[in-house]
file coords-v1.txt (compact mmCIF, C-alpha atoms)
# COMPACT_ATOMS: atom_id res chain seq x y z
CA ASP A 16 -16.24 31.64 0.86
CA ALA A 17 -18.55 28.63 0.95
CA GLY A 18 -15.77 26.17 0.21
CA VAL A 19 -15.95 23.37 -2.32
CA ILE A 20 -19.56 22.35 -2.83
CA GLN A 21 -20.52 18.86 -3.91
CA SER A 22 -23.90 17.42 -4.71
CA PRO A 23 -25.63 15.21 -3.97
CA ARG A 24 -24.34 14.26 -0.48
CA HIS A 25 -25.77 10.79 -0.83
CA GLU A 26 -26.76 8.84 -3.90
CA VAL A 27 -28.33 5.40 -3.96
CA THR A 28 -28.90 3.86 -7.34
CA GLU A 29 -29.32 0.53 -9.01
CA MET A 30 -26.73 -1.22 -11.09
CA GLY A 31 -26.81 -0.08 -14.69
CA GLN A 32 -28.10 3.40 -13.95
CA GLU A 33 -26.26 6.59 -14.84
CA VAL A 34 -24.85 8.60 -11.97
CA THR A 35 -23.74 12.22 -12.15
CA LEU A 36 -21.78 13.85 -9.36
CA ARG A 37 -21.36 17.60 -9.26
CA CYS A 38 -18.75 19.94 -7.90
CA LYS A 39 -18.35 23.67 -7.55
CA PRO A 40 -14.75 24.61 -6.69
CA ILE A 41 -13.72 27.59 -4.63
CA SER A 42 -13.85 30.74 -6.68
CA GLY A 43 -10.42 31.64 -8.03
CA HIS A 44 -8.97 28.15 -7.69
CA ASN A 45 -7.37 26.94 -10.92
CA SER A 46 -7.01 23.24 -10.20
CA LEU A 47 -9.77 20.73 -9.57
CA PHE A 48 -9.38 17.12 -8.51
CA TRP A 49 -11.73 14.15 -8.28
CA TYR A 50 -10.82 11.48 -5.72
CA ARG A 51 -12.52 8.24 -4.76
CA GLN A 52 -12.20 6.79 -1.26
CA THR A 53 -12.83 3.19 -0.22
CA MET A 54 -11.61 1.13 2.70
CA MET A 55 -9.73 -1.19 0.39
CA ARG A 56 -8.06 1.31 -1.92
CA GLY A 57 -7.89 4.47 0.18
CA LEU A 58 -7.93 7.85 -1.54
CA GLU A 59 -7.43 7.40 -5.26
CA LEU A 60 -6.92 10.29 -7.64
CA LEU A 61 -9.24 9.80 -10.60
CA ILE A 62 -8.63 12.91 -12.68
CA TYR A 63 -7.53 16.49 -12.32
CA PHE A 64 -8.05 19.67 -14.27
CA ASN A 65 -6.03 22.83 -14.52
CA ASN A 66 -7.72 25.92 -15.90
CA ASN A 67 -10.66 23.71 -16.95
CA VAL A 68 -8.43 21.42 -19.02
CA PRO A 69 -8.06 17.75 -18.06
CA ILE A 70 -4.37 17.20 -17.32
CA ASP A 71 -4.23 13.59 -16.17
CA ASP A 72 -7.07 11.07 -16.28
CA SER A 73 -4.90 8.00 -15.79
CA GLY A 74 -6.69 7.24 -12.54
CA MET A 75 -10.10 6.88 -14.15
CA PRO A 76 -10.86 3.19 -13.68
CA GLU A 77 -12.49 2.52 -17.03
CA ASP A 78 -14.50 3.98 -19.86
CA ARG A 79 -17.64 3.96 -17.77
CA PHE A 80 -16.20 6.97 -15.96
CA SER A 81 -16.04 10.42 -17.53
CA ALA A 82 -15.44 13.90 -16.16
CA LYS A 83 -15.98 17.35 -17.54
CA MET A 84 -15.25 20.89 -16.51
CA PRO A 85 -17.19 23.17 -18.85
CA ASN A 86 -16.22 26.31 -16.93
CA ALA A 87 -14.17 27.44 -13.95
CA SER A 88 -17.03 27.03 -11.50
CA PHE A 89 -18.43 23.62 -12.32
CA SER A 90 -17.34 20.05 -12.87
CA THR A 91 -19.13 16.73 -13.21
CA LEU A 92 -18.10 13.12 -12.78
CA LYS A 93 -20.35 10.68 -14.57
CA ILE A 94 -20.55 6.92 -14.25
CA GLN A 95 -22.49 5.11 -16.95
CA PRO A 96 -23.46 2.36 -16.41
CA SER A 97 -22.84 2.15 -12.68
CA GLU A 98 -21.80 -1.09 -10.96
CA PRO A 99 -21.82 -2.16 -7.29
CA ARG A 100 -18.02 -1.93 -7.14
CA ASP A 101 -18.32 1.80 -7.83
CA SER A 102 -19.78 2.25 -4.35
CA ALA A 103 -17.47 4.68 -2.55
CA VAL A 104 -17.17 8.24 -1.32
CA TYR A 105 -16.27 10.58 -4.15
CA PHE A 106 -14.47 13.77 -3.19
CA CYS A 107 -13.89 16.86 -5.24
CA ALA A 108 -11.03 19.16 -4.24
CA SER A 109 -9.67 22.42 -5.55
CA SER A 110 -6.50 24.40 -5.10
CA PRO A 111 -5.21 27.80 -6.15
CA SER A 112 -2.25 28.34 -8.42
CA GLY A 113 1.00 29.83 -7.20
CA THR A 114 1.35 30.41 -3.48
CA GLY A 115 -0.83 27.99 -1.57
CA SER A 116 -1.19 25.60 -4.46
CA GLU A 117 -0.02 22.74 -2.28
CA LYS A 118 -3.15 22.99 -0.18
CA LEU A 119 -6.14 21.00 -1.41
CA PHE A 120 -9.56 22.06 -0.22
CA PHE A 121 -11.98 19.14 -0.19
CA GLY A 122 -15.72 19.16 -0.54
CA SER A 123 -17.89 17.14 1.82
CA GLY A 124 -18.01 14.25 -0.61
CA THR A 125 -20.75 12.21 -2.25
CA GLN A 126 -21.50 8.83 -0.69
CA LEU A 127 -22.44 6.62 -3.62
CA SER A 128 -24.15 3.28 -3.13
CA VAL A 129 -24.83 1.14 -6.19
CA LEU A 130 -27.16 -1.75 -5.44
CA GLY B 13 5.26 5.74 -10.07
CA GLN B 14 4.72 6.91 -6.54
CA SER B 15 4.12 4.98 -3.33
CA LEU B 16 3.84 6.05 0.29
CA GLU B 17 4.02 3.96 3.42
CA GLN B 18 2.66 4.88 6.80
CA PRO B 19 1.53 2.79 9.80
CA SER B 20 -2.06 1.64 9.66
CA GLU B 21 -2.88 2.68 13.19
CA VAL B 22 -1.42 4.29 16.29
CA THR B 23 -2.80 4.51 19.81
CA ALA B 24 -1.81 7.12 22.39
CA VAL B 25 -3.16 8.65 25.58
CA GLU B 26 -4.54 12.10 26.06
CA GLY B 27 -1.83 14.68 26.72
CA ALA B 28 0.90 12.57 25.17
CA ILE B 29 3.00 13.12 22.04
CA VAL B 30 2.67 10.89 19.00
CA GLN B 31 4.70 10.69 15.80
CA ILE B 32 3.29 9.33 12.55
CA ASN B 33 5.95 8.38 10.02
CA CYS B 34 5.75 8.38 6.26
CA THR B 35 8.23 7.06 3.74
CA TYR B 36 7.81 7.61 0.06
CA GLN B 37 9.15 6.38 -3.24
CA THR B 38 8.56 8.69 -6.14
CA SER B 39 9.85 9.23 -9.63
CA GLY B 40 9.99 12.92 -8.73
CA PHE B 41 9.17 14.97 -5.70
CA TYR B 42 7.76 18.39 -5.09
CA GLY B 43 6.64 18.32 -1.45
CA LEU B 44 5.04 16.31 1.36
CA SER B 45 1.67 17.23 2.83
CA TRP B 46 -0.37 15.99 5.76
CA TYR B 47 -4.14 15.82 6.01
CA GLN B 48 -6.54 14.95 8.80
CA GLN B 49 -9.83 13.17 8.26
CA HIS B 50 -12.44 12.49 10.91
CA ASP B 51 -14.91 9.66 10.41
CA GLY B 52 -17.58 10.73 7.96
CA GLY B 53 -15.74 13.92 7.11
CA ALA B 54 -13.51 15.22 4.37
CA PRO B 55 -9.72 15.42 4.47
CA THR B 56 -8.47 18.76 5.74
CA PHE B 57 -5.02 20.17 5.16
CA LEU B 58 -2.64 20.28 8.12
CA SER B 59 0.84 21.08 6.84
CA TYR B 60 3.25 21.04 3.92
CA ASN B 61 7.02 20.59 3.64
CA ALA B 62 8.86 21.36 0.43
CA LEU B 63 12.28 21.67 2.05
CA ASP B 64 14.10 19.65 4.69
CA GLY B 65 13.36 20.52 8.26
CA LEU B 66 10.56 21.07 10.71
CA GLU B 67 7.40 23.11 10.18
CA GLU B 68 5.38 23.96 13.27
CA THR B 69 1.72 24.87 13.39
CA GLY B 70 0.40 25.01 16.91
CA ARG B 71 0.30 21.53 18.45
CA PHE B 72 1.18 19.94 15.12
CA SER B 73 4.62 19.82 13.51
CA SER B 74 5.79 18.17 10.33
CA PHE B 75 9.29 17.13 9.36
CA LEU B 76 10.87 16.24 6.04
CA SER B 77 14.16 14.66 5.03
CA ARG B 78 14.39 14.59 1.27
CA SER B 79 17.61 12.57 1.27
CA ASP B 80 15.89 9.83 3.29
CA SER B 81 12.54 10.12 1.46
CA TYR B 82 11.01 10.35 4.90
CA GLY B 83 8.75 12.61 6.84
CA TYR B 84 6.68 12.59 9.99
CA LEU B 85 3.79 14.36 11.63
CA LEU B 86 4.19 15.13 15.32
CA LEU B 87 1.12 15.77 17.42
CA GLN B 88 1.67 17.20 20.88
CA GLU B 89 -0.64 17.56 23.89
CA LEU B 90 -3.00 15.04 22.36
CA GLN B 91 -6.70 15.65 22.77
CA MET B 92 -9.60 13.28 22.27
CA LYS B 93 -10.65 15.29 19.23
CA ASP B 94 -7.35 14.35 17.55
CA SER B 95 -8.71 10.84 17.06
CA ALA B 96 -8.89 10.67 13.28
CA SER B 97 -7.08 9.34 10.24
CA TYR B 98 -3.92 11.11 9.11
CA PHE B 99 -2.68 10.95 5.54
CA CYS B 100 0.67 11.88 4.08
CA ALA B 101 0.61 12.94 0.46
CA VAL B 102 3.18 13.80 -2.17
CA ARG B 103 2.99 16.22 -5.05
CA ASP B 104 4.58 15.33 -8.34
CA PRO B 105 7.18 17.59 -9.93
CA GLY B 106 4.57 19.06 -12.23
CA GLY B 107 3.03 20.48 -9.10
CA PHE B 108 -0.55 19.42 -9.74
CA LYS B 109 -0.91 15.77 -8.93
CA THR B 110 -1.21 14.86 -5.25
CA ILE B 111 -1.07 11.19 -4.28
CA PHE B 112 -2.16 10.05 -0.81
CA GLY B 113 -0.86 7.32 1.45
CA ALA B 114 -3.22 4.73 2.92
CA GLY B 115 -3.63 6.71 6.12
CA THR B 116 -2.86 6.17 9.79
CA ARG B 117 -5.75 5.83 12.15
CA LEU B 118 -4.97 7.54 15.47
CA PHE B 119 -6.85 6.49 18.58
CA VAL B 120 -6.52 8.83 21.55
CA LYS B 121 -7.47 7.26 24.88
CA ALA B 122 -8.39 9.04 28.08
call {"tool": "encode", "arguments": {"input": "coords-v1.txt", "output": "structure tokens"}}
result
Amino acid sequence: DAGVIQSPRHEVTEMGQEVTLRCKPISGHNSLFWYRQTMMRGLELLIYFNNNVPIDDSGMPEDRFSAKMPNASFSTLKIQPSEPRDSAVYFCASSPSGTGSEKLFFGSGTQLSVL
Amino acid sequence: GQSLEQPSEVTAVEGAIVQINCTYQTSGFYGLSWYQQHDGGAPTFLSYNALDGLEETGRFSSFLSRSDSYGYLLLQELQMKDSASYFCAVRDPGGFKTIFGAGTRLFVKA
């Protein structure tokens, strides 16, 4: 398996622009997670889905952030409009259900820089 | 809510043994995990404890005491490549949500 695939690897944009981050989970995994990592705040859980349904979005910082999972093989995290404080590494992770569900598999992350 | 505490950094010499502690406060608890992250990389899963006791995986072992809300990661025969950040993480009782500690940066010296 190719693992969790995220795109783009790097994104540089200007304040006010829309940013869309993409994630393809491992085939067969039922849960998908979006995390944000910064030096100041560490790894923060933004939102997670189970069977394509958003379960908990309490970590989404504000209405500028939205996430979707239209099918089992694709999810997006959108920031509109973006701000410099959104600069961070955004990780997508997936996990199976049942046995092994405790193990999160992370993608390589998207390094976002908002100027 | 949930909170985890772990030391910010630890330094050890090659070949030595190091223990990274983690204490947690949670409204519910399902299990304690450990992840490794090298600079510029993604977190990778190391181990998981749902029950009290020691889990061993090669040079790495993880321990959990549910009554003490405490766990640790033990790294033996340290190698330079073990220099990385190590995160403890807890799962909530629902079994989906995984919250990470701030991470412990391990420096392995020759």
call {"tool": "interface_residues", "arguments": {"input": "coords-v1.txt", "of": "chain A", "to": "chain B", "cutoff": "10 Å", "atoms": "only C-alpha atoms", "output": "PyMOL selection string"}}
result
chain A and resi 46-48+50+54-60+62-65+70-71+104+106-108+110+112-113+115-124+126
call {"tool": "residues_around", "arguments": {"input": "coords-v1.txt", "residues": "Phe119 of chain B", "least_positions_apart": "4", "cutoff": "9 Å", "atoms": "all atoms listed in the file", "output": "mmCIF file with C-alpha atoms, in the coordinates of the input"}}
result
data_model
loop_
_atom_site.group_PDB
_atom_site.id
_atom_site.type_symbol
_atom_site.label_atom_id
_atom_site.label_comp_id
_atom_site.auth_asym_id
_atom_site.auth_seq_id
_atom_site.Cartn_x
_atom_site.Cartn_y
_atom_site.Cartn_z
ATOM 1 C CA GLU B 21 -2.880 2.680 13.190
ATOM 2 C CA VAL B 22 -1.420 4.290 16.290
ATOM 3 C CA THR B 23 -2.800 4.510 19.810
ATOM 4 C CA ALA B 24 -1.810 7.120 22.390
ATOM 5 C CA VAL B 25 -3.160 8.650 25.580
ATOM 6 C CA MET B 92 -9.600 13.280 22.270
ATOM 7 C CA ASP B 94 -7.350 14.350 17.550
ATOM 8 C CA SER B 95 -8.710 10.840 17.060
ATOM 9 C CA ALA B 96 -8.890 10.670 13.280
ATOM 10 C CA SER B 97 -7.080 9.340 10.240
#
call {"tool": "axis_aligned_box", "arguments": {"input": "coords-v1.txt", "around": "segment 20-39 of chain A", "padding_each_side": "6 Å", "output": "lines of an AutoDock Vina configuration file"}}
result
center_x = -23.8
center_y = 11.2
center_z = -7.7
size_x = 23.0
size_y = 36.9
size_z = 26.4
call {"tool": "closest_residue", "arguments": {"input": "coords-v1.txt", "among": "B:Glu89, B:Tyr98, B:Lys121, B:Pro105", "to": "Gly27 of chain B", "atoms": "all atoms listed in the file"}}
result
B:Glu89
call {"tool": "residues_near_point", "arguments": {"input": "coords-v1.txt", "point": "(-22.7, 13.6, -17.7)", "cutoff": "12 Å", "atoms": "only C-alpha atoms", "output": "MDAnalysis selection string"}}
result
chainID A and resid 33:37 79:85 90:96
call {"tool": "atom_distance", "arguments": {"input": "coords-v1.txt", "atom1": "atom CA of Thr125 of chain A", "atom2": "atom CA of Leu16 of chain B"}}
result
25.5 Å
call {"tool": "atom_distance", "arguments": {"input": "coords-v1.txt", "atom1": "atom CA of Thr69 of chain B", "atom2": "atom CA of Pro111 of chain A"}}
result
20.9 Å
call {"tool": "residues_near_point", "arguments": {"input": "coords-v1.txt", "point": "(3.9, 9.1, 15.0)", "cutoff": "8 Å", "atoms": "all atoms listed in the file", "output": "PyMOL selection string"}}
result
chain B and resi 22+30-33+84-87
call {"tool": "atom_distance", "arguments": {"input": "coords-v1.txt", "atom1": "atom CA of Ser73 of chain A", "atom2": "atom CA of Gln14 of chain B"}}
result
13.4 Å
call {"tool": "closest_residue", "arguments": {"input": "coords-v1.txt", "among": "B:Cys100, B:Ala122, B:Leu63, B:Leu76", "to": "Glu26 of chain B", "atoms": "all atoms listed in the file"}}
result
B:Ala122
call {"tool": "residues_around", "arguments": {"input": "coords-v1.txt", "residues": "Thr28 of chain A", "least_positions_apart": "5", "cutoff": "8 Å", "atoms": "all atoms listed in the file", "output": "PyMOL selection string"}}
result
chain A and resi 34+127-130
call {"tool": "closest_residue", "arguments": {"input": "coords-v1.txt", "among": "B:His50, B:Ser39, B:Val120, B:Phe75", "to": "Leu90 of chain B", "atoms": "all atoms listed in the file"}}
result
B:Val120
call {"tool": "closest_residue", "arguments": {"input": "coords-v1.txt", "among": "B:Ser20, B:Ala28, B:Arg78, B:Leu66", "to": "Gly40 of chain B", "atoms": "all atoms listed in the file"}}
result
B:Arg78
call {"tool": "closest_residue", "arguments": {"input": "coords-v1.txt", "among": "A:Asn45, A:Ser22, A:Ser97, A:Gln32", "to": "Thr114 of chain A", "atoms": "all atoms listed in the file"}}
result
A:Asn45
call {"tool": "closest_residue", "arguments": {"input": "coords-v1.txt", "among": "A:Ser88, A:Leu61, A:Asp101, A:Gln21", "to": "Cys38 of chain A", "atoms": "only C-alpha atoms"}}
result
A:Gln21
call {"tool": "decode", "arguments": {"input": "coords-v1.txt", "residues": "segment 16-34 of chain B", "atoms": "N, CA, C and O atoms", "output": "PDB file, in the first residue's frame"}}
result
ATOM      1  N   LEU B  16      -1.876  15.881  28.695  1.00  0.00           N
ATOM      2  CA  LEU B  16      -0.760  14.972  28.868  1.00  0.00           C
ATOM      3  C   LEU B  16       0.486  15.783  29.174  1.00  0.00           C
ATOM      4  O   LEU B  16       0.670  16.864  28.621  1.00  0.00           O
ATOM      5  N   GLU B  17       1.318  15.260  30.040  1.00  0.00           N
ATOM      6  CA  GLU B  17       2.563  15.925  30.375  1.00  0.00           C
ATOM      7  C   GLU B  17       3.730  14.987  30.147  1.00  0.00           C
ATOM      8  O   GLU B  17       3.707  13.834  30.598  1.00  0.00           O
ATOM      9  N   GLN B  18       4.723  15.495  29.469  1.00  0.00           N
ATOM     10  CA  GLN B  18       5.949  14.749  29.247  1.00  0.00           C
ATOM     11  C   GLN B  18       7.105  15.744  29.236  1.00  0.00           C
ATOM     12  O   GLN B  18       6.895  16.919  28.953  1.00  0.00           O
ATOM     13  N   PRO B  19       8.336  15.296  29.549  1.00  0.00           N
ATOM     14  CA  PRO B  19       9.458  16.241  29.574  1.00  0.00           C
ATOM     15  C   PRO B  19       9.693  16.805  28.189  1.00  0.00           C
ATOM     16  O   PRO B  19       9.451  16.146  27.179  1.00  0.00           O
ATOM     17  N   SER B  20      10.184  18.047  28.144  1.00  0.00           N
ATOM     18  CA  SER B  20      10.386  18.693  26.850  1.00  0.00           C
ATOM     19  C   SER B  20      11.589  18.119  26.102  1.00  0.00           C
ATOM     20  O   SER B  20      11.560  18.016  24.874  1.00  0.00           O
ATOM     21  N   GLU B  21      12.631  17.762  26.837  1.00  0.00           N
ATOM     22  CA  GLU B  21      13.765  17.156  26.167  1.00  0.00           C
ATOM     23  C   GLU B  21      14.576  16.266  27.102  1.00  0.00           C
ATOM     24  O   GLU B  21      14.536  16.425  28.320  1.00  0.00           O
ATOM     25  N   VAL B  22      15.249  15.303  26.506  1.00  0.00           N
ATOM     26  CA  VAL B  22      16.089  14.358  27.213  1.00  0.00           C
ATOM     27  C   VAL B  22      17.350  14.143  26.383  1.00  0.00           C
ATOM     28  O   VAL B  22      17.270  14.069  25.157  1.00  0.00           O
ATOM     29  N   THR B  23      18.476  14.045  27.062  1.00  0.00           N
ATOM     30  CA  THR B  23      19.739  13.769  26.381  1.00  0.00           C
ATOM     31  C   THR B  23      20.347  12.493  26.939  1.00  0.00           C
ATOM     32  O   THR B  23      20.322  12.273  28.157  1.00  0.00           O
ATOM     33  N   ALA B  24      20.870  11.642  26.070  1.00  0.00           N
ATOM     34  CA  ALA B  24      21.495  10.402  26.500  1.00  0.00           C
ATOM     35  C   ALA B  24      22.628  10.065  25.532  1.00  0.00           C
ATOM     36  O   ALA B  24      22.718  10.639  24.438  1.00  0.00           O
ATOM     37  N   VAL B  25      23.467   9.123  25.945  1.00  0.00           N
ATOM     38  CA  VAL B  25      24.589   8.735  25.092  1.00  0.00           C
ATOM     39  C   VAL B  25      24.262   7.457  24.346  1.00  0.00           C
ATOM     40  O   VAL B  25      23.437   6.637  24.775  1.00  0.00           O
ATOM     41  N   GLU B  26      24.916   7.290  23.242  1.00  0.00           N
ATOM     42  CA  GLU B  26      24.752   6.099  22.428  1.00  0.00           C
ATOM     43  C   GLU B  26      24.998   4.840  23.262  1.00  0.00           C
ATOM     44  O   GLU B  26      25.928   4.801  24.081  1.00  0.00           O
ATOM     45  N   GLY B  27      24.138   3.849  23.093  1.00  0.00           N
ATOM     46  CA  GLY B  27      24.279   2.598  23.819  1.00  0.00           C
ATOM     47  C   GLY B  27      23.579   2.571  25.168  1.00  0.00           C
ATOM     48  O   GLY B  27      23.417   1.505  25.768  1.00  0.00           O
ATOM     49  N   ALA B  28      23.160   3.721  25.635  1.00  0.00           N
ATOM     50  CA  ALA B  28      22.526   3.805  26.947  1.00  0.00           C
ATOM     51  C   ALA B  28      21.033   3.461  26.861  1.00  0.00           C
ATOM     52  O   ALA B  28      20.510   3.133  25.799  1.00  0.00           O
ATOM     53  N   ILE B  29      20.384   3.528  28.022  1.00  0.00           N
ATOM     54  CA  ILE B  29      18.937   3.325  28.133  1.00  0.00           C
ATOM     55  C   ILE B  29      18.308   4.646  28.563  1.00  0.00           C
ATOM     56  O   ILE B  29      18.847   5.333  29.440  1.00  0.00           O
ATOM     57  N   VAL B  30      17.196   4.998  27.979  1.00  0.00           N
ATOM     58  CA  VAL B  30      16.515   6.225  28.381  1.00  0.00           C
ATOM     59  C   VAL B  30      15.024   5.942  28.560  1.00  0.00           C
ATOM     60  O   VAL B  30      14.450   5.098  27.858  1.00  0.00           O
ATOM     61  N   GLN B  31      14.439   6.615  29.534  1.00  0.00           N
ATOM     62  CA  GLN B  31      13.009   6.454  29.820  1.00  0.00           C
ATOM     63  C   GLN B  31      12.326   7.803  29.663  1.00  0.00           C
ATOM     64  O   GLN B  31      12.783   8.798  30.230  1.00  0.00           O
ATOM     65  N   ILE B  32      11.259   7.832  28.897  1.00  0.00           N
ATOM     66  CA  ILE B  32      10.485   9.053  28.695  1.00  0.00           C
ATOM     67  C   ILE B  32       9.133   8.852  29.352  1.00  0.00           C
ATOM     68  O   ILE B  32       8.382   7.950  28.983  1.00  0.00           O
ATOM     69  N   ASN B  33       8.839   9.685  30.338  1.00  0.00           N
ATOM     70  CA  ASN B  33       7.613   9.532  31.116  1.00  0.00           C
ATOM     71  C   ASN B  33       6.464  10.346  30.543  1.00  0.00           C
ATOM     72  O   ASN B  33       6.677  11.374  29.880  1.00  0.00           O
ATOM     73  N   CYS B  34       5.278   9.900  30.850  1.00  0.00           N
ATOM     74  CA  CYS B  34       4.067  10.601  30.403  1.00  0.00           C
ATOM     75  C   CYS B  34       2.991  10.425  31.460  1.00  0.00           C
ATOM     76  O   CYS B  34       2.695   9.301  31.870  1.00  0.00           O
TER      77      CYS B  34
END
